[in-house]
Amino acid sequence: MDTTVGVFLCTGCGIDEAMDCEALKKVAESEYKVKCFHSHKKLCNPDGVELIKKEISEQGLNRVVIAACSPRVKTEVFHFDSPEVFQDRLGLRELVAWTGEPKHEDTDMLAQDYIRMSIVKVQKGAPPEPFKEEISKDMLVVGGGWTGMHSALDLASAGYKVHLVEKDDKLGGNALNLAKRVPMNPPRREPEEPDIEDLIGKVQADANIDVHLATEIQRINGQPGLLDTDLKSGSEEKHVRVGAIVSAVGYRPYDPAKLAHLGYGTSPDVITNVDMEKMLKQDSLKKPSDNGSVKKVVFIQCAGSRDPDHLPYCSGVCCAETLKQARMLRDADKDIKAFILYRDMRTPGLLEDFYKSAQDDPGIFLTKADVKEVKSEGNNLVVAAENTLLGQDLELEADIVVLATGMVPNTLDNEVLKLNYRQGPDMPVDRYGFPDSNYVCFPYETQRTAMYAAGPVRQPMDAYQSRVDASGAALKAIQAVEEISRGAAVHPRAGDLTFPEFFLQRCTQCKRCTEECPFGALNEDEKGTPQPNPNRCRRCGVCMGACPERIISFKNYHVDQIVSMIKAVEIPEEDEEKPRALCLICENDAYPSLDIAALNKQKLNPYMRFLPVRCLGSVNVVFIADALSAGYDGVLLLGCKHGDDYQCHFIKGSELATKRMENVQEALQRLVLESERVRIEELALSEWRRIPKIVDEFMETLEEVGPNPYKDM
Amino acid sequence: MTALRLTEPDLDFIKELQKTGGESLKKCFQCATCSVVCQLSPDNNPFPRKEMIWAQWGQKERLVSDHHVWLCHQCNDCSTNCPRGARPGDVLAAVRAQSIRHYSIPGFMTKIVQDPKLILVALAIPVLYVLAMLGVDGHLSTLIHPPKAEVEYGSYFLSHLTLNIMFTSAFVIFLLGGLVGLTRFINDMKKTDPIPGDKDPGFIKAVIAAFFELLAHRKFKKCTAGSNRYFSHFGLFYGFALLFIVTSIVVLLILVAPDTYPINSLSNPLKLAGNLGAILLIGGGLIAIYDRLTTPDLAGQSSYFDWFFLLVILTVGITGLLTEIARFTNASSWAYWMYFFHIVFVFCLLCYLPYSKFGHLLYRFFAIVHSKRVGGYPE
């Protein structure tokens, strides 16, 4: 298809003062023969916007370069809702005007190179044609406990049909075992009666919710919007098609058998908080060993929690549960004394009031303590503790010792969703077994599109937080099916209408794309040929970066386009002593950080050309090889942090980029070039002050290494 | 260190503390802000954080014999800085009351003095006793038919002989009860926090140091929140001391030279000293009451224990002054009644000393002495 390019240059916000705008016009018109070139003093004013619109229709433009401010600002103003037009927002203001030496030769060269890159970008790219299919917007909620039921009700009340799958033969989950619950309502001072039965009644009465009891998932095939789910209940098999999934499969208490060091197993009178809840629920307070009366109860907090040998994390609920049980014991019998040995009393938020109410009870005794041992002495138990607040080591006699155990996600070692995904049957989990996502920035996400974890399976939480989490997951699921129904991506490229296309005739079945896709979007046939599932895709381009045959492309983002942009930059001859370097900069955090640096008028080295990429994971080795063959002195990759606390928006893009640097080194050897010419740096959004330093240091290194010998070829 | 098997938490003790001014004690969550802000707390073993958790855990034995609670002058720097509203200053005050109650004998006397329900009994004892003294002198009728003659308490009302014998003996008997309690307290302090052999300055030196410290009232000056307490306590202390000394001299004077009494000149040095004492006492008392009523957060939550002592000592001062005025103005119609009340309240003050808040005179003094001997006392 022919491209008809129009360039619109804004000269406001200091652009005019910083560079030779006439020269930019010359570049566009003489080098690229663009259909039209317009300068405007304030392009974002209504008459500027009108000018663009008029020229699109009158000149028949289908490619538009808006050379003005960063693409991250004024997005509404420069949004032209036309499926035929592909536009690029070139941030001359930030990339040149605010960061360059005004009216300097190098600044002009920089601006002109950016105009070249931008024109090539729109010439090579095309507007997206979304992948659309008739989809199901029905929802699958897995787990009929407190969280799952709330999520199902939220979805149903928003008008979505819900399939609620519960493996037990009744709804309710762990909440059924509660004698009372930690208060959720003001003034949060007394344990509350659980209302799980009401909730079950509401779910069962809702016409939009199909409850599948005693049912397990056999297999889920397909992709979001088209998730074909096989359910099995006894011998009965059912099939449903859903659009999105909320996984609320909950938690189980930590296995107390592993807590022998806290006396579990030494006496039947050492029990867990779950056992204590049962006793309270059944109103049968007796010593398990001899049915004797209970007058002294010692609670040991953090039993197997915040302990590197057990659960390294805090479950955040055991403190409040223990306070509740202590209150209930005291309410049942005023002669009972409850001792609570904690490491830190953690009652976040408004539960502090509940903590206070328990503290106020004269029969509840609290101290920080490290429990040394729990031993039997005759009929009684004795808990020995040190480092207490009483200034002395303690030995407490007890009729019952309660171990406050934490939460283990049911996803730790269970197959829950049984997805027919090449990368495995479940949402990938973190080191503790919780479904993982970018937990630093996007804790509500998972690595499987349109599938959201809610409640204690996502991270340890109480019922109050789970209630909120249930709604959150429901909203995310709704968002997912609605975006997918119009062919758009969900987080973090929400609304992106592109999707990767595979030119499979040239595929060598190397499986890099199917293995490396962070979202498991690609299945494989027996030979290893990728089978794309556009609705699973987040459009990060990791597959494009992985593919050695370069057969994966997006309409508006592909290998040829980027290589052409790289080559569009003019490389001065060696004797001009003007080095050139390329920075492939991640759009998610590093590029916004660059914008902030510009806003703070940080000066940037004028020999560096920044080229935004969707993710460092989408950087194909060929970008670097071609840049170096074209005469760039070096290539810098600037992306998000990787590792345990990764900040990559696509989970492992920057990690993959780092790994691929090995291939880059091979390419450098082939070209007989120094390894210092390519560097990868990681940057957090807030670290904009580092950018000028990173660039300067890199340019200094390049100066030491010397000019690229390919320059003059 | 071998683990101590904890004393069974004494729930009744906790409730008793809560009833007598320490109702906030359970609110403490052991952040130790109190110990940090306290100017009087020893650095090596600070209070009141540890006392707060002992109180929460009902550790009566530890608390009643704890000399640190007596180092507190209840300025409430801790209470005003407490993030939890646990008011450690008030809790320590309640602990001190419990300590007096625990040690002073006979036990029923502390009950009578400290229980608001028994206030009529507490007042009836001195009333009856003074009436008995009047009966001995045969001057009961003076109250109903005051003689028209010039007001003369010794001749028409209580004779000095009766006063010297009956009042003094009552005082001494009660004081003995207090001293027995004090001895038990001192012994328990030694048990719970033994005096180390090496740094102990010795009993005598410690007593002398504590005495001069008391005279200087230095500790009160360190307070920020309840800074008025310095003035009120200064007035009450020196007012009482002056009056006590003047009264003792006069009692001796009557024994050796009966003719010099009554003193009819206001410029007599004894009269001057007595009147100065009365003014200091009444002034200090009024400041204390004003502070307790207007700024209870700073001055402390006042319990019956506090009010009883404060009102008694103030009434002693006021009735004493009025008795003197009645004599000089010859107001025979009410002079004898005023004197009657004066004696009744002096009885409440002196004879109830070991059981009322006045007991702190003994307990605090010897707690400070002990603290100085243990070491770490903030000088």
# chains A, B, ... in the order shown; residues from 1 in each chain; ligands from 1
>>> interface_residues(of="chain B", to="chain A", cutoff="10 Å", atoms="only C-alpha atoms", output="ChimeraX atom specification")
/B:1-15,18,23-30,49-59,84
>>> write_last_selection(atoms="C-alpha atoms", output="mmCIF file, in the first residue's frame")
data_model
loop_
_atom_site.group_PDB
_atom_site.id
_atom_site.type_symbol
_atom_site.label_atom_id
_atom_site.label_comp_id
_atom_site.auth_asym_id
_atom_site.auth_seq_id
_atom_site.Cartn_x
_atom_site.Cartn_y
_atom_site.Cartn_z
ATOM 1 C CA MET B 1 19.801 -17.339 83.651
ATOM 2 C CA THR B 2 17.208 -19.848 84.703
ATOM 3 C CA ALA B 3 13.741 -19.079 83.564
ATOM 4 C CA LEU B 4 11.490 -17.738 86.247
ATOM 5 C CA ARG B 5 8.221 -19.416 86.539
ATOM 6 C CA LEU B 6 5.873 -16.527 86.393
ATOM 7 C CA THR B 7 3.785 -15.648 89.391
ATOM 8 C CA GLU B 8 0.209 -16.419 88.573
ATOM 9 C CA PRO B 9 -1.258 -13.186 87.213
ATOM 10 C CA ASP B 10 -3.367 -11.627 89.947
ATOM 11 C CA LEU B 11 -6.555 -10.617 88.170
ATOM 12 C CA ASP B 12 -7.970 -8.947 91.301
ATOM 13 C CA PHE B 13 -4.859 -6.833 91.620
ATOM 14 C CA ILE B 14 -5.242 -5.667 88.008
ATOM 15 C CA LYS B 15 -8.865 -4.778 88.623
ATOM 16 C CA GLN B 18 -7.834 -0.092 87.381
ATOM 17 C CA GLU B 23 -7.891 2.189 84.500
ATOM 18 C CA SER B 24 -5.779 2.812 81.392
ATOM 19 C CA LEU B 25 -3.056 0.317 82.260
ATOM 20 C CA LYS B 26 -4.083 -2.320 79.727
ATOM 21 C CA LYS B 27 -3.699 0.105 76.876
ATOM 22 C CA CYS B 28 0.088 -0.035 76.972
ATOM 23 C CA PHE B 29 1.719 -1.765 74.035
ATOM 24 C CA GLN B 30 5.261 -1.522 75.326
ATOM 25 C CA ARG B 49 7.686 0.567 80.723
ATOM 26 C CA LYS B 50 8.521 -2.523 82.765
ATOM 27 C CA GLU B 51 6.088 -1.559 85.501
ATOM 28 C CA MET B 52 3.361 -1.232 82.865
ATOM 29 C CA ILE B 53 3.705 -4.823 81.671
ATOM 30 C CA TRP B 54 4.026 -6.093 85.245
ATOM 31 C CA ALA B 55 0.752 -4.340 85.926
ATOM 32 C CA GLN B 56 -0.826 -5.853 82.820
ATOM 33 C CA TRP B 57 0.355 -9.298 83.853
ATOM 34 C CA GLY B 58 -0.889 -8.817 87.425
ATOM 35 C CA GLN B 59 2.582 -9.146 88.968
ATOM 36 C CA ARG B 84 -1.709 4.814 73.363
#
>>> closest_residue(among="A:Leu9, A:Leu350, A:Val664, A:Met461", to="Asn185 of chain A", atoms="only C-alpha atoms")
A:Leu350
>>> residues_around(residues="segment 303-309 of chain A", least_positions_apart="5", cutoff="10 Å", atoms="only C-alpha atoms", output="PyMOL selection string")
chain A and resi 254-256+258-259+261-262+272-273+314-316+318+342-343+371+402-407
>>> write_last_selection(atoms="C-alpha atoms", output="short mmCIF file (atom, residue, chain, number, x, y, z; two decimals), in the first residue's frame")
data_model
loop_
_atom_site.label_atom_id
_atom_site.label_comp_id
_atom_site.auth_asym_id
_atom_site.auth_seq_id
_atom_site.Cartn_x
_atom_site.Cartn_y
_atom_site.Cartn_z
CA TYR A 254 0.56 -24.54 57.29
CA ASP A 255 1.17 -28.19 58.13
CA PRO A 256 1.64 -28.28 61.94
CA LYS A 258 6.45 -29.59 60.77
CA LEU A 259 6.27 -27.64 64.03
CA HIS A 261 10.00 -27.58 67.81
CA LEU A 262 6.90 -25.83 69.15
CA THR A 272 -3.45 -25.20 65.99
CA ASN A 273 -5.57 -22.11 65.66
CA CYS A 314 3.82 -13.08 57.44
CA SER A 315 0.29 -14.21 56.74
CA GLY A 316 -1.09 -11.04 58.24
CA CYS A 318 -2.99 -14.90 62.61
CA TYR A 342 4.04 -12.77 69.79
CA ARG A 343 7.02 -11.64 67.78
CA VAL A 371 9.45 -19.46 72.40
CA VAL A 402 -2.39 -22.96 70.43
CA LEU A 403 -0.02 -22.62 67.49
CA ALA A 404 -1.08 -19.75 65.24
CA THR A 405 -0.24 -21.16 61.84
CA GLY A 406 -0.09 -19.17 58.65
CA MET A 407 -1.48 -19.54 55.16
#
>>> select_by_dssp(residues="segment 424-594 of chain A", states="helix (DSSP H, G or I)", output="CSV table (one decimal) with C-alpha atoms, in the first residue's frame")
chain,number,residue,atom,x,y,z
A,455,GLY,CA,-8.1,-13.7,48.0
A,456,PRO,CA,-5.5,-15.6,50.1
A,457,VAL,CA,-4.3,-17.5,47.0
A,463,ALA,CA,-11.6,-11.8,54.9
A,464,TYR,CA,-12.0,-8.1,54.7
A,465,GLN,CA,-9.2,-7.7,52.2
A,466,SER,CA,-10.4,-10.7,50.3
A,467,ARG,CA,-13.8,-9.1,49.9
A,468,VAL,CA,-12.1,-6.1,48.2
A,469,ASP,CA,-9.8,-8.4,46.3
A,470,ALA,CA,-12.8,-10.4,45.0
A,471,SER,CA,-14.2,-7.2,43.5
A,472,GLY,CA,-10.9,-6.2,42.1
A,473,ALA,CA,-10.5,-9.5,40.3
A,474,ALA,CA,-14.1,-9.3,39.0
A,475,LEU,CA,-13.4,-5.8,37.6
A,476,LYS,CA,-10.2,-7.0,35.9
A,477,ALA,CA,-12.0,-10.0,34.4
A,478,ILE,CA,-14.7,-7.7,33.0
A,479,GLN,CA,-12.1,-5.4,31.6
A,480,ALA,CA,-10.3,-8.4,30.0
A,481,VAL,CA,-13.4,-9.7,28.2
A,482,GLU,CA,-14.5,-6.3,27.0
A,483,GLU,CA,-11.0,-5.4,25.7
A,484,ILE,CA,-10.6,-8.8,24.0
A,485,SER,CA,-14.0,-8.5,22.4
A,504,LEU,CA,5.3,-19.6,9.4
A,505,GLN,CA,6.7,-20.7,6.1
A,506,ARG,CA,10.1,-19.6,7.3
A,512,ARG,CA,12.5,-19.8,21.3
A,513,CYS,CA,9.2,-17.9,21.0
A,514,THR,CA,7.1,-20.6,22.5
A,515,GLU,CA,9.5,-21.0,25.4
A,516,GLU,CA,10.2,-17.3,26.0
A,534,PRO,CA,-3.7,-13.6,20.0
A,535,ASN,CA,-6.1,-13.2,23.0
A,536,ARG,CA,-3.5,-14.6,25.4
A,542,VAL,CA,9.4,-10.8,23.3
A,543,CYS,CA,8.7,-13.3,20.6
A,544,MET,CA,9.8,-10.8,18.0
A,545,GLY,CA,13.0,-10.2,19.9
A,546,ALA,CA,13.6,-14.0,20.2
A,559,VAL,CA,12.2,-5.8,12.6
A,560,ASP,CA,12.4,-4.3,9.2
A,561,GLN,CA,10.9,-1.1,10.5
A,562,ILE,CA,13.3,-0.7,13.4
A,563,VAL,CA,16.3,-1.7,11.4
A,564,SER,CA,15.3,0.9,8.8
A,565,MET,CA,14.9,3.5,11.5
A,566,ILE,CA,18.4,2.7,12.8
A,567,LYS,CA,19.8,3.0,9.3
A,568,ALA,CA,18.0,6.3,8.7
A,574,GLU,CA,35.3,9.2,11.2
A,575,ASP,CA,37.4,12.3,10.7
A,576,GLU,CA,34.4,14.5,11.7
A,590,ALA,CA,13.0,4.1,31.0
A,591,TYR,CA,11.3,6.3,28.4
A,592,PRO,CA,9.0,8.0,30.9
A,593,SER,CA,12.1,8.5,33.0
A,594,LEU,CA,13.8,10.2,30.1
>>> atom_distance(atom1="atom CA of Gly277 of chain B", atom2="atom CA of Ala241 of chain B")
7.6 Å
>>> residues_around(residues="segment 669-679 of chain A", least_positions_apart="6", cutoff="7 Å", atoms="only C-alpha atoms", output="count of residues only")
6
>>> closest_residue(among="B:Gln74, B:Thr329, B:Glu61, B:Leu276", to="Lys191 of chain B", atoms="only C-alpha atoms")
B:Glu61
>>> atom_distance(atom1="atom CA of Gly433 of chain A", atom2="atom CA of Leu417 of chain A")
14.4 Å
>>> residues_around(residues="segment 244-257 of chain B", least_positions_apart="4", cutoff="7 Å", atoms="only C-alpha atoms", output="ChimeraX atom specification")
/B:240,261,270,274
>>> closest_residue(among="B:Ser333, B:Asn268, B:Thr319, B:Asn228", to="Asp291 of chain B", atoms="only C-alpha atoms")
B:Asn228
>>> select_by_dssp(residues="segment 301-500 of chain A", states="strand (DSSP E)", output="short mmCIF file (atom, residue, chain, number, x, y, z; two decimals) with N, CA and C atoms, in the first residue's frame")
data_model
loop_
_atom_site.label_atom_id
_atom_site.label_comp_id
_atom_site.auth_asym_id
_atom_site.auth_seq_id
_atom_site.Cartn_x
_atom_site.Cartn_y
_atom_site.Cartn_z
N GLN A 301 2.37 -17.17 68.56
CA GLN A 301 2.20 -16.53 67.25
C GLN A 301 3.37 -16.86 66.33
N CYS A 302 3.17 -16.60 65.07
CA CYS A 302 4.21 -16.85 64.05
C CYS A 302 4.69 -18.30 64.11
N ALA A 303 3.78 -19.22 64.39
CA ALA A 303 4.17 -20.63 64.44
C ALA A 303 4.40 -21.10 63.01
N LYS A 337 -7.55 -17.68 81.50
CA LYS A 337 -6.52 -16.68 81.22
C LYS A 337 -5.88 -17.03 79.89
N ALA A 338 -5.78 -16.04 79.04
CA ALA A 338 -5.19 -16.27 77.71
C ALA A 338 -3.87 -15.52 77.62
N PHE A 339 -2.82 -16.25 77.31
CA PHE A 339 -1.50 -15.64 77.17
C PHE A 339 -1.12 -15.65 75.69
N ILE A 340 -0.68 -14.52 75.20
CA ILE A 340 -0.31 -14.45 73.78
C ILE A 340 1.16 -14.07 73.68
N LEU A 341 1.94 -14.99 73.12
CA LEU A 341 3.37 -14.74 72.94
C LEU A 341 3.59 -14.42 71.47
N TYR A 342 3.93 -13.18 71.20
CA TYR A 342 4.04 -12.77 69.79
C TYR A 342 5.46 -12.33 69.48
N ILE A 364 -6.37 -11.13 79.38
CA ILE A 364 -5.54 -11.43 78.21
C ILE A 364 -4.17 -10.82 78.43
N PHE A 365 -3.16 -11.68 78.40
CA PHE A 365 -1.80 -11.24 78.71
C PHE A 365 -0.94 -11.35 77.47
N LEU A 366 -0.33 -10.23 77.12
CA LEU A 366 0.45 -10.21 75.88
C LEU A 366 1.91 -9.89 76.17
N THR A 367 2.78 -10.57 75.50
CA THR A 367 4.18 -10.14 75.50
C THR A 367 4.87 -10.63 74.24
N LYS A 368 5.79 -9.82 73.82
CA LYS A 368 6.72 -10.27 72.79
C LYS A 368 7.58 -11.36 73.42
N ASP A 370 10.34 -14.97 72.39
CA ASP A 370 10.82 -16.05 71.53
C ASP A 370 10.58 -17.35 72.28
N VAL A 371 9.77 -18.21 71.72
CA VAL A 371 9.45 -19.46 72.40
C VAL A 371 10.63 -20.41 72.25
N LYS A 372 11.10 -20.91 73.39
CA LYS A 372 12.25 -21.82 73.36
C LYS A 372 11.77 -23.27 73.21
N GLU A 373 10.80 -23.64 74.04
CA GLU A 373 10.27 -24.99 73.90
C GLU A 373 8.91 -25.11 74.55
N VAL A 374 8.21 -26.14 74.14
CA VAL A 374 6.93 -26.48 74.75
C VAL A 374 7.08 -27.91 75.24
N LYS A 375 6.90 -28.10 76.57
CA LYS A 375 7.13 -29.45 77.08
C LYS A 375 5.95 -29.87 77.97
N SER A 376 5.84 -31.17 78.16
CA SER A 376 4.81 -31.69 79.04
C SER A 376 5.38 -31.81 80.44
N GLU A 377 4.56 -31.43 81.42
CA GLU A 377 4.97 -31.61 82.82
C GLU A 377 3.77 -32.15 83.55
N ASN A 380 0.17 -31.08 82.63
CA ASN A 380 0.15 -29.76 82.02
C ASN A 380 1.24 -29.59 80.98
N LEU A 381 1.10 -28.50 80.27
CA LEU A 381 2.15 -28.10 79.35
C LEU A 381 2.88 -26.91 79.95
N VAL A 382 4.14 -26.80 79.63
CA VAL A 382 4.90 -25.62 80.06
C VAL A 382 5.56 -25.03 78.83
N VAL A 383 5.33 -23.73 78.63
CA VAL A 383 5.94 -23.04 77.51
C VAL A 383 7.08 -22.19 78.04
N ALA A 384 8.28 -22.44 77.54
CA ALA A 384 9.44 -21.65 77.96
C ALA A 384 9.73 -20.62 76.89
N ALA A 385 9.94 -19.38 77.33
CA ALA A 385 10.16 -18.31 76.36
C ALA A 385 11.23 -17.38 76.86
N GLU A 386 11.96 -16.78 75.92
CA GLU A 386 12.98 -15.81 76.32
C GLU A 386 12.76 -14.51 75.55
N LEU A 394 10.59 -16.66 80.75
CA LEU A 394 9.33 -17.11 81.33
C LEU A 394 9.14 -18.60 81.18
N GLU A 395 8.45 -19.17 82.14
CA GLU A 395 7.91 -20.50 81.95
C GLU A 395 6.43 -20.42 82.30
N LEU A 396 5.61 -20.62 81.30
CA LEU A 396 4.17 -20.48 81.50
C LEU A 396 3.52 -21.85 81.52
N GLU A 397 2.71 -22.07 82.53
CA GLU A 397 1.95 -23.31 82.53
C GLU A 397 0.73 -23.13 81.65
N ALA A 398 0.33 -24.21 80.99
CA ALA A 398 -0.82 -24.09 80.10
C ALA A 398 -1.60 -25.39 80.07
N ILE A 400 -3.78 -25.68 77.44
CA ILE A 400 -3.75 -25.86 75.98
C ILE A 400 -2.75 -24.86 75.41
N VAL A 401 -1.97 -25.32 74.44
CA VAL A 401 -1.11 -24.41 73.69
C VAL A 401 -1.64 -24.35 72.26
N VAL A 402 -1.86 -23.13 71.79
CA VAL A 402 -2.39 -22.96 70.43
C VAL A 402 -1.29 -22.40 69.54
N LEU A 403 -1.01 -23.11 68.46
CA LEU A 403 -0.02 -22.62 67.49
C LEU A 403 -0.76 -21.85 66.40
N ALA A 404 -0.43 -20.58 66.26
CA ALA A 404 -1.08 -19.75 65.24
C ALA A 404 -0.35 -19.96 63.92
N THR A 405 -0.91 -20.81 63.10
CA THR A 405 -0.24 -21.16 61.84
C THR A 405 -0.70 -20.25 60.72
N MET A 407 -0.76 -19.11 56.35
CA MET A 407 -1.48 -19.54 55.16
C MET A 407 -0.53 -20.03 54.06
N VAL A 408 -0.90 -21.15 53.48
CA VAL A 408 -0.17 -21.67 52.32
C VAL A 408 -1.13 -21.62 51.13
N PRO A 409 -0.70 -21.04 50.02
CA PRO A 409 -1.63 -20.95 48.89
C PRO A 409 -1.90 -22.34 48.31
N MET A 451 -6.82 -14.06 33.43
CA MET A 451 -6.98 -14.95 34.59
C MET A 451 -6.42 -14.21 35.80
N TYR A 452 -7.24 -14.09 36.82
CA TYR A 452 -6.84 -13.26 37.96
C TYR A 452 -7.00 -14.05 39.25
N ALA A 453 -6.00 -13.95 40.09
CA ALA A 453 -6.08 -14.60 41.39
C ALA A 453 -6.68 -13.61 42.38
#
